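So this block is upload_37.cif, mmCIF, C-alpha atoms and all ligand atoms:
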```
data_work
loop_
_atom_site.label_atom_id
_atom_site.label_comp_id
_atom_site.auth_asym_id
_atom_site.auth_seq_id
_atom_site.Cartn_x
_atom_site.Cartn_y
_atom_site.Cartn_z
CA MET A 1 3.26 25.87 -5.81
CA LYS A 2 2.64 29.58 -6.20
CA LEU A 3 0.49 28.97 -9.22
CA TYR A 4 -1.80 26.65 -7.28
CA GLY A 5 -1.96 29.22 -4.53
CA VAL A 6 -3.65 31.48 -7.04
CA LEU A 7 -5.84 28.67 -8.27
CA ARG A 8 -6.93 27.89 -4.77
CA ASN A 9 -9.83 30.30 -5.02
CA ALA A 10 -11.15 28.60 -8.09
CA VAL A 11 -11.02 25.09 -6.61
CA THR A 12 -13.09 24.64 -3.50
CA PHE A 13 -11.73 21.96 -1.22
CA ARG A 14 -13.59 20.12 1.46
CA ARG A 15 -13.47 21.76 4.88
CA CYS A 16 -13.98 18.52 6.77
CA PHE A 17 -13.79 14.83 6.01
CA ASP A 18 -16.81 12.58 5.96
CA PRO A 19 -15.66 9.01 6.54
CA GLY A 20 -19.11 7.55 5.94
CA GLN A 21 -20.31 4.66 8.05
CA ARG A 22 -17.00 3.48 9.43
CA GLU A 23 -16.11 1.98 12.76
CA VAL A 24 -12.70 2.02 14.38
CA ALA A 25 -13.47 -0.83 16.73
CA HIS A 26 -12.19 -3.59 14.44
CA TRP A 27 -8.99 -1.73 13.52
CA PHE A 28 -7.39 -2.65 16.83
CA PRO A 29 -5.81 -6.07 16.40
CA GLY A 30 -6.08 -8.50 19.30
CA HIS A 31 -2.37 -9.36 19.39
CA MET A 32 -1.59 -5.83 20.60
CA ALA A 33 -3.43 -6.37 23.86
CA LYS A 34 -1.10 -9.30 24.48
CA GLY A 35 1.93 -7.12 23.62
CA ILE A 36 0.86 -4.48 26.10
CA ARG A 37 0.40 -7.10 28.81
CA GLN A 38 3.88 -8.49 28.26
CA MET A 39 5.48 -5.06 28.34
CA ARG A 40 3.65 -4.21 31.54
CA ALA A 41 4.92 -7.41 33.11
CA THR A 42 8.47 -6.54 32.10
CA ILE A 43 8.39 -3.13 33.69
CA LYS A 44 6.97 -4.80 36.77
CA ASN A 45 3.56 -3.23 36.56
CA GLU A 46 4.87 0.19 37.37
CA SER A 47 3.43 3.26 35.81
CA LEU A 48 5.57 4.39 32.88
CA ASP A 49 5.78 7.83 34.44
CA VAL A 50 8.12 6.80 37.21
CA ARG A 51 10.76 5.65 34.78
CA PRO A 52 12.80 8.30 33.01
CA HIS A 53 11.80 8.49 29.40
CA LEU A 54 12.71 10.17 26.17
CA LEU A 55 10.23 10.88 23.38
CA VAL A 56 11.84 10.05 20.06
CA LEU A 57 10.02 11.55 17.09
CA ASN A 58 11.35 9.57 14.16
CA LYS A 59 10.97 9.92 10.38
CA MET A 60 11.63 13.62 10.69
CA ASP A 61 12.70 13.54 7.04
CA LEU A 62 9.05 12.93 6.11
CA ALA A 63 7.54 15.57 8.38
CA ASP A 64 6.85 19.20 7.67
CA LEU A 65 8.77 20.70 10.55
CA SER A 66 7.72 24.30 10.01
CA THR A 67 5.56 23.97 13.12
CA LYS A 68 8.28 22.22 15.14
CA GLN A 69 8.59 24.96 17.75
CA THR A 70 4.85 25.07 18.44
CA MET A 71 4.79 21.30 18.63
CA VAL A 72 7.66 21.12 21.12
CA LYS A 73 6.03 23.83 23.25
CA GLU A 74 2.73 21.97 23.27
CA LEU A 75 4.43 18.73 24.27
CA GLU A 76 6.31 20.52 27.03
CA ARG A 77 3.08 21.97 28.30
CA SER A 78 1.71 18.46 28.66
CA GLY A 79 4.76 17.48 30.68
CA ILE A 80 6.97 15.90 28.02
CA LYS A 81 10.35 17.55 28.27
CA ASN A 82 12.79 15.19 26.66
CA ILE A 83 12.24 15.12 22.95
CA LEU A 84 14.55 14.00 20.16
CA PHE A 85 13.86 14.26 16.42
CA THR A 86 15.53 11.53 14.40
CA ASP A 87 15.94 10.13 10.91
CA CYS A 88 16.93 6.50 11.19
CA LEU A 89 17.50 5.97 7.47
CA LYS A 90 20.32 8.51 7.40
CA GLN A 91 23.79 6.94 7.61
CA ARG A 92 24.82 9.52 10.22
CA ASP A 93 22.12 11.31 12.12
CA HIS A 94 23.59 13.72 14.66
CA ASN A 95 20.52 13.38 16.89
CA ILE A 96 21.02 9.61 17.10
CA LYS A 97 24.49 10.39 18.46
CA LYS A 98 22.89 12.41 21.24
CA LEU A 99 20.61 9.62 22.39
CA VAL A 100 22.96 7.67 24.64
CA PRO A 101 24.33 10.76 26.47
CA ILE A 102 20.79 12.13 26.97
CA VAL A 103 19.50 8.82 28.28
CA THR A 104 22.41 8.22 30.66
CA GLU A 105 22.03 11.72 32.05
CA LEU A 106 18.28 11.25 32.48
CA ILE A 107 18.79 8.03 34.39
CA ASN A 108 21.60 9.36 36.54
CA ASN A 109 19.61 12.44 37.45
CA LYS A 110 16.78 10.38 38.85
CA PRO A 111 17.76 9.68 42.48
CA ARG A 112 16.00 6.31 42.49
CA PHE A 113 18.05 5.08 39.60
CA ASN A 114 21.29 6.70 40.63
CA ARG A 115 22.92 3.67 42.13
CA GLU A 116 26.62 3.02 42.06
CA GLU A 117 26.25 -0.33 40.31
CA THR A 118 24.04 1.06 37.56
CA THR A 119 26.52 0.89 34.73
CA ASN A 120 24.35 -1.44 32.72
CA TYR A 121 21.43 0.25 31.06
CA CYS A 122 18.39 -1.44 29.69
CA LEU A 123 15.75 0.56 27.84
CA MET A 124 12.47 -0.35 26.30
CA VAL A 125 11.46 1.05 22.93
CA ILE A 126 7.72 1.60 22.85
CA GLY A 127 5.63 3.00 20.02
CA VAL A 128 2.95 2.40 17.45
CA PRO A 129 3.75 -0.06 14.64
CA ASN A 130 5.96 1.15 11.80
CA VAL A 131 7.38 4.27 13.48
CA GLY A 132 10.88 2.87 13.16
CA LYS A 133 11.54 1.24 16.53
CA SER A 134 13.64 -1.52 14.99
CA SER A 135 15.32 1.00 12.68
CA LEU A 136 16.24 3.11 15.70
CA ILE A 137 17.95 0.15 17.29
CA ASN A 138 19.83 -0.62 14.08
CA SER A 139 20.79 3.02 13.70
CA LEU A 140 22.17 3.12 17.24
CA ARG A 141 24.17 -0.04 16.63
CA ARG A 142 25.55 1.50 13.46
CA THR A 143 26.49 4.66 15.34
CA TYR A 144 27.91 3.27 18.56
CA LEU A 145 29.05 -0.24 17.76
CA LYS A 146 29.75 0.13 14.03
CA LYS A 147 27.69 -2.98 13.60
CA GLY A 148 24.99 -3.91 11.15
CA ARG A 149 21.36 -4.74 11.52
CA ALA A 150 20.19 -6.77 14.44
CA SER A 151 16.51 -6.06 14.32
CA LYS A 152 14.35 -6.85 11.35
CA VAL A 153 12.77 -3.83 9.69
CA GLY A 154 9.64 -3.78 7.62
CA GLY A 155 7.22 -1.43 5.94
CA GLU A 156 4.17 -3.21 7.28
CA PRO A 157 2.89 -3.31 10.83
CA GLY A 158 3.63 -6.56 12.58
CA ILE A 159 7.22 -7.26 11.47
CA THR A 160 8.61 -7.38 15.02
CA LYS A 161 6.48 -10.19 16.37
CA ALA A 162 8.77 -11.74 18.92
CA VAL A 163 8.05 -9.74 22.03
CA LEU A 164 10.91 -8.02 23.81
CA THR A 165 14.11 -8.94 22.04
CA ARG A 166 17.11 -7.59 23.94
CA ILE A 167 19.75 -6.04 21.72
CA GLN A 168 23.01 -4.35 22.64
CA VAL A 169 23.43 -0.89 21.11
CA CYS A 170 26.39 0.55 22.98
CA ASP A 171 29.38 -0.77 24.94
CA ARG A 172 30.49 2.35 26.79
CA PRO A 173 28.27 2.50 28.76
CA ILE A 174 26.79 -0.93 28.21
CA MET A 175 23.32 -0.32 26.94
CA HIS A 176 20.70 -2.74 25.75
CA LEU A 177 17.44 -1.92 24.08
CA LEU A 178 14.36 -4.06 24.19
CA ASP A 179 12.68 -4.06 20.82
CA THR A 180 8.94 -4.46 21.08
CA PRO A 181 6.13 -5.07 18.64
CA GLY A 182 4.17 -1.89 18.02
CA VAL A 183 1.12 -1.17 20.08
CA LEU A 184 -1.79 1.16 19.54
CA PRO A 185 -3.97 2.58 22.27
CA PRO A 186 -6.80 0.06 22.64
CA LYS A 187 -9.28 2.78 21.86
CA ILE A 188 -8.61 4.81 18.74
CA GLU A 189 -9.98 8.28 19.43
CA SER A 190 -11.90 8.84 16.23
CA VAL A 191 -12.17 7.65 12.65
CA GLU A 192 -10.01 10.58 11.61
CA THR A 193 -7.24 9.63 14.04
CA GLY A 194 -7.56 6.08 12.75
CA LEU A 195 -7.13 7.28 9.17
CA LYS A 196 -3.99 9.24 10.08
CA LEU A 197 -2.57 6.18 11.80
CA ALA A 198 -3.48 4.05 8.80
CA LEU A 199 -1.80 6.44 6.36
CA CYS A 200 1.38 6.14 8.42
CA GLY A 201 1.30 2.37 8.04
CA THR A 202 0.26 1.70 11.60
CA ILE A 203 -2.87 -0.27 10.91
CA LEU A 204 -2.99 -2.96 8.24
CA ASP A 205 -4.25 -1.27 5.06
CA HIS A 206 -6.84 -3.89 4.25
CA LEU A 207 -8.57 -3.43 7.61
CA VAL A 208 -9.20 0.22 6.86
CA GLY A 209 -9.58 0.11 3.08
CA GLU A 210 -7.27 1.78 0.59
CA ASP A 211 -10.15 3.74 -0.98
CA VAL A 212 -11.00 5.77 2.12
CA MET A 213 -7.29 6.10 3.00
CA ALA A 214 -6.54 7.56 -0.44
CA ASP A 215 -9.48 9.94 -0.13
CA TYR A 216 -8.34 11.09 3.30
CA LEU A 217 -4.83 11.60 1.95
CA LEU A 218 -6.13 13.76 -0.89
CA TYR A 219 -8.26 15.74 1.55
CA SER A 220 -5.21 16.29 3.80
CA LEU A 221 -2.83 17.28 1.00
CA ASN A 222 -5.30 19.87 -0.29
CA ARG A 223 -6.01 21.18 3.19
CA LEU A 224 -2.27 21.62 3.83
CA GLN A 225 -1.73 22.95 0.32
CA LYS A 226 0.78 20.26 -0.51
CA PHE A 227 0.19 20.11 -4.23
CA SER A 228 3.17 18.12 -5.49
CA TYR A 229 0.80 15.25 -6.32
CA VAL A 230 -0.57 17.38 -9.17
CA GLU A 231 2.73 17.40 -11.02
CA ARG A 232 3.73 13.88 -10.07
CA TYR A 233 0.64 12.40 -11.65
CA GLY A 234 0.26 14.94 -14.45
CA LEU A 235 -3.10 16.21 -13.24
CA GLY A 236 -2.86 19.79 -14.48
CA ASP A 237 -4.84 21.16 -11.55
CA PRO A 238 -5.44 20.20 -7.93
CA SER A 239 -8.65 18.29 -7.42
CA ASP A 240 -10.70 17.27 -4.42
CA ASP A 241 -12.39 14.42 -6.25
CA ILE A 242 -10.67 11.14 -5.40
CA GLN A 243 -12.30 9.18 -8.25
CA HIS A 244 -10.98 11.70 -10.73
CA VAL A 245 -7.51 11.68 -9.18
CA LEU A 246 -7.29 7.89 -9.00
CA LYS A 247 -8.42 7.58 -12.60
CA ARG A 248 -5.62 9.88 -13.71
CA ILE A 249 -3.07 8.05 -11.54
CA ALA A 250 -4.16 4.72 -13.05
CA VAL A 251 -3.82 6.06 -16.58
CA LYS A 252 -0.45 7.64 -15.81
CA LEU A 253 0.86 4.36 -14.35
CA GLY A 254 -0.71 2.22 -17.05
CA LYS A 255 -2.81 0.47 -14.42
CA THR A 256 -5.84 0.02 -16.60
CA GLN A 257 -7.68 -3.00 -17.88
CA ARG A 258 -9.53 -3.67 -21.10
CA VAL A 259 -12.86 -5.27 -20.40
CA THR A 260 -15.74 -6.22 -22.63
CA ALA A 261 -19.01 -4.53 -21.92
CA ILE A 262 -22.18 -6.15 -23.19
CA THR A 263 -24.54 -3.52 -24.49
CA GLY A 264 -27.78 -3.45 -26.45
CA VAL A 265 -25.84 -2.71 -29.63
CA GLY A 266 -23.30 -5.46 -29.15
CA ASN A 267 -20.09 -6.04 -27.22
CA ILE A 268 -17.69 -3.17 -26.90
CA ALA A 269 -14.23 -3.06 -25.39
CA ILE A 270 -13.76 -0.39 -22.76
CA THR A 271 -10.80 0.65 -20.61
CA VAL A 272 -11.34 0.73 -16.86
CA PRO A 273 -8.88 2.13 -14.33
CA ASN A 274 -7.54 -0.09 -11.57
CA TYR A 275 -8.60 2.16 -8.67
CA SER A 276 -7.09 -0.07 -6.03
CA ALA A 277 -3.61 -0.11 -7.63
CA ALA A 278 -3.81 3.66 -8.09
CA ALA A 279 -4.80 4.17 -4.44
CA TYR A 280 -1.86 2.06 -3.26
CA ASP A 281 0.59 3.99 -5.41
CA PHE A 282 -0.76 7.26 -4.00
CA ILE A 283 -0.44 6.00 -0.40
CA ARG A 284 3.03 4.52 -0.96
CA ALA A 285 4.23 7.76 -2.53
CA PHE A 286 3.05 9.63 0.56
CA ARG A 287 4.76 7.19 2.94
CA SER A 288 8.09 7.46 1.16
CA GLY A 289 8.01 11.27 1.12
CA LYS A 290 7.45 11.60 -2.64
CA LEU A 291 4.43 13.83 -2.08
CA GLY A 292 6.45 16.23 0.03
CA GLN A 293 6.97 16.72 3.76
CA VAL A 294 3.61 16.49 5.45
CA MET A 295 2.37 16.81 9.02
CA LEU A 296 -1.04 15.17 9.31
CA ASP A 297 -1.74 16.33 12.85
N1 LIG B 1 11.68 7.94 5.83
C1 LIG B 1 12.02 7.25 6.92
N2 LIG B 1 11.69 5.95 7.00
C2 LIG B 1 12.02 5.26 8.11
C3 LIG B 1 12.73 5.88 9.19
N3 LIG B 1 12.91 4.95 10.17
C4 LIG B 1 12.35 3.81 9.70
N4 LIG B 1 11.82 3.98 8.47
C5 LIG B 1 11.11 2.98 7.64
O1 LIG B 1 9.87 2.70 8.28
C6 LIG B 1 9.51 1.33 8.11
C7 LIG B 1 9.25 0.68 9.45
O2 LIG B 1 10.44 0.60 10.19
P1 LIG B 1 10.62 -0.43 11.42
O3 LIG B 1 11.93 -0.10 12.06
O4 LIG B 1 10.38 -1.84 10.99
O5 LIG B 1 9.42 0.06 12.36
P2 LIG B 1 8.86 -0.64 13.70
O6 LIG B 1 7.61 -1.36 13.31
O7 LIG B 1 8.53 0.52 14.62
O8 LIG B 1 9.93 -1.51 14.25
C8 LIG B 1 10.65 0.70 7.32
O9 LIG B 1 10.29 0.67 5.96
C9 LIG B 1 11.81 1.63 7.57
O10 LIG B 1 12.74 1.62 6.52
C10 LIG B 1 13.06 7.29 9.08
O11 LIG B 1 13.66 7.92 9.97
N5 LIG B 1 12.68 7.89 7.92
MG MG B 2 9.92 -3.47 14.70
#
```

Show this structure as structure tokens.
Ligand SMILES: Nc1nc2c(ncn2[C@@H]2O[C@H](COP(=O)(O)OP(=O)(O)O)[C@@H](O)[C@H]2O)c(=O)[nH]1
Ligand SMILES: [Mg+2]
Amino acid sequence: MKLYGVLRNAVTFRRCFDPGQREVAHWFPGHMAKGIRQMRATIKNESLDVRPHLLVLNKMDLADLSTKQTMVKELERSGIKNILFTDCLKQRDHNIKKLVPIVTELINNKPRFNREETTNYCLMVIGVPNVGKSSLINSLRRTYLKKGRASKVGGEPGITKAVLTRIQVCDRPIMHLLDTPGVLPPKIESVETGLKLALCGTILDHLVGEDVMADYLLYSLNRLQKFSYVERYGLGDPSDDIQHVLKRIAVKLGKTQRVTAITGVGNIAITVPNYSAAAYDFIRAFRSGKLGQVMLD
């Protein structure tokens, strides 16, 4: 890492990302509008603000938390006070253990909800696809009920299709969680926000295109000086050229093809890299934390 720090002056990285002619409009799948409608109906058309809520920031094992304090402060400034960082893949996450006490206190402190008969809690888990909503439910069941999976987990957006499945996660107090399919805001702010969401597995890869996703990932890793990709793929030096990087990844993984090229002097066999397979490996490595802990925002 130190070595590349020195090299940094020699390699000039891009200062901003040019996504080319891309539109975010078609990245928002129609089924999400339906999901949002159903959730609204369930919470009886009330604004979410009136209900007590807790912001769970999951996959903390994948995030670079060196800016955690600043992040929490910024969230608090925008009015979000109850924040919990979790890792739902961990067998025992001590923050998961805190969730039920925090939630019961939140509810009981709100006068409107502080009714004698309120011993039965029902919460809705809302978030973008693939953040780990189903995993959170399973993790809570593991922690409080010592029970196994109830909600299907998947690495692709769209695994939880059945809207609003009610699952018990705790028996003292009795608490149920409503698992929901992930929703995105109907309007994605910018192409760059869209690319961040896509890298986190929130938007189906093929809608966005693995080529631009891989390029944005490379741009981000260089910008944040997260150079573990260099060693992982045997690159020698950091590079800002995605074609070059993907070529080396393809060679390293043996994802190359022999094709015959017809030339003026006869047919010759040449080796071409499988750029798409290389891009997917790069993206998958990022998503599973193999390229280090990264904070895209
Ligand atoms: N690294 C890591 N992966 C997680 C965590 N929680 C969930 N995942 C993974 O993220 C993917 C999506 O999880 P899922 O619960 O189906 O997300 P949902 O779409 O929000 O319900 C799965 O591959 C999970 O194994 C976490 O805390 N850390
Ligand atoms: Mg789910």

Problem - Best match for closeness to ligand MG 2 (chain B) among A:Gln293, A:Ser239, A:Asn130, A:Asn138, counting only C-alpha atoms and all ligand atoms - result: A:Asn130

Practice task
Considering all atoms listed in the file, return as a list in words whatever protein or nucleic-acid residues lie within 7 Å of Ala279 in chain A, sequence-local ones (same chain, fewer than 2 positions apart) excluded.
Solution key: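 Near neighbours after the sequence-gap exclusion: Glu210, Asp211, Ala214, Leu246, Tyr275, Ser276, Ala277, Asp281, Phe282 and Ile283 of chain A.
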
Output as a Markdown table one row per residue of chain A within 7 Å of ligand MG 2 (chain B): the closest atom pair and its distance in Å to one decimal place, counting all atoms listed in the file, sorted by chain and residue number ascending.
```
| residue | atom | partner | partner_atom | distance |
| --- | --- | --- | --- | --- |
| A:Asn130 | CA | B:MG2 | MG | 6.7 |
| A:Gly132 | CA | B:MG2 | MG | 6.6 |
| A:Lys133 | CA | B:MG2 | MG | 5.3 |
| A:Ser134 | CA | B:MG2 | MG | 4.2 |
| A:Lys152 | CA | B:MG2 | MG | 6.5 |
| A:Val153 | CA | B:MG2 | MG | 5.8 |
| A:Ile159 | CA | B:MG2 | MG | 5.7 |
| A:Thr160 | CA | B:MG2 | MG | 4.1 |
| A:Asp179 | CA | B:MG2 | MG | 6.7 |
| A:Thr180 | CA | B:MG2 | MG | 6.5 |
| A:Pro181 | CA | B:MG2 | MG | 5.7 |
| A:Gly182 | CA | B:MG2 | MG | 6.8 |
```

Practice task
Work out how far apart CA of Ile249 in chain A and CA of Leu221 in chain A are and give it in Å to one decimal.
Solution key: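 According to the coordinates, CA of Ile249 in chain A and CA of Leu221 in chain A are separated by 15.6 Å.
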
Exercise for the section: Would you please work out which residue, of A:Gln243, A:Ser190, A:Thr104, A:Thr165, is nearest to ligand LIG 1 (chain B) when using all atoms listed in the file? Expected result: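 Among the listed residues, A:Thr165 lies closest to ligand LIG 1 (chain B).
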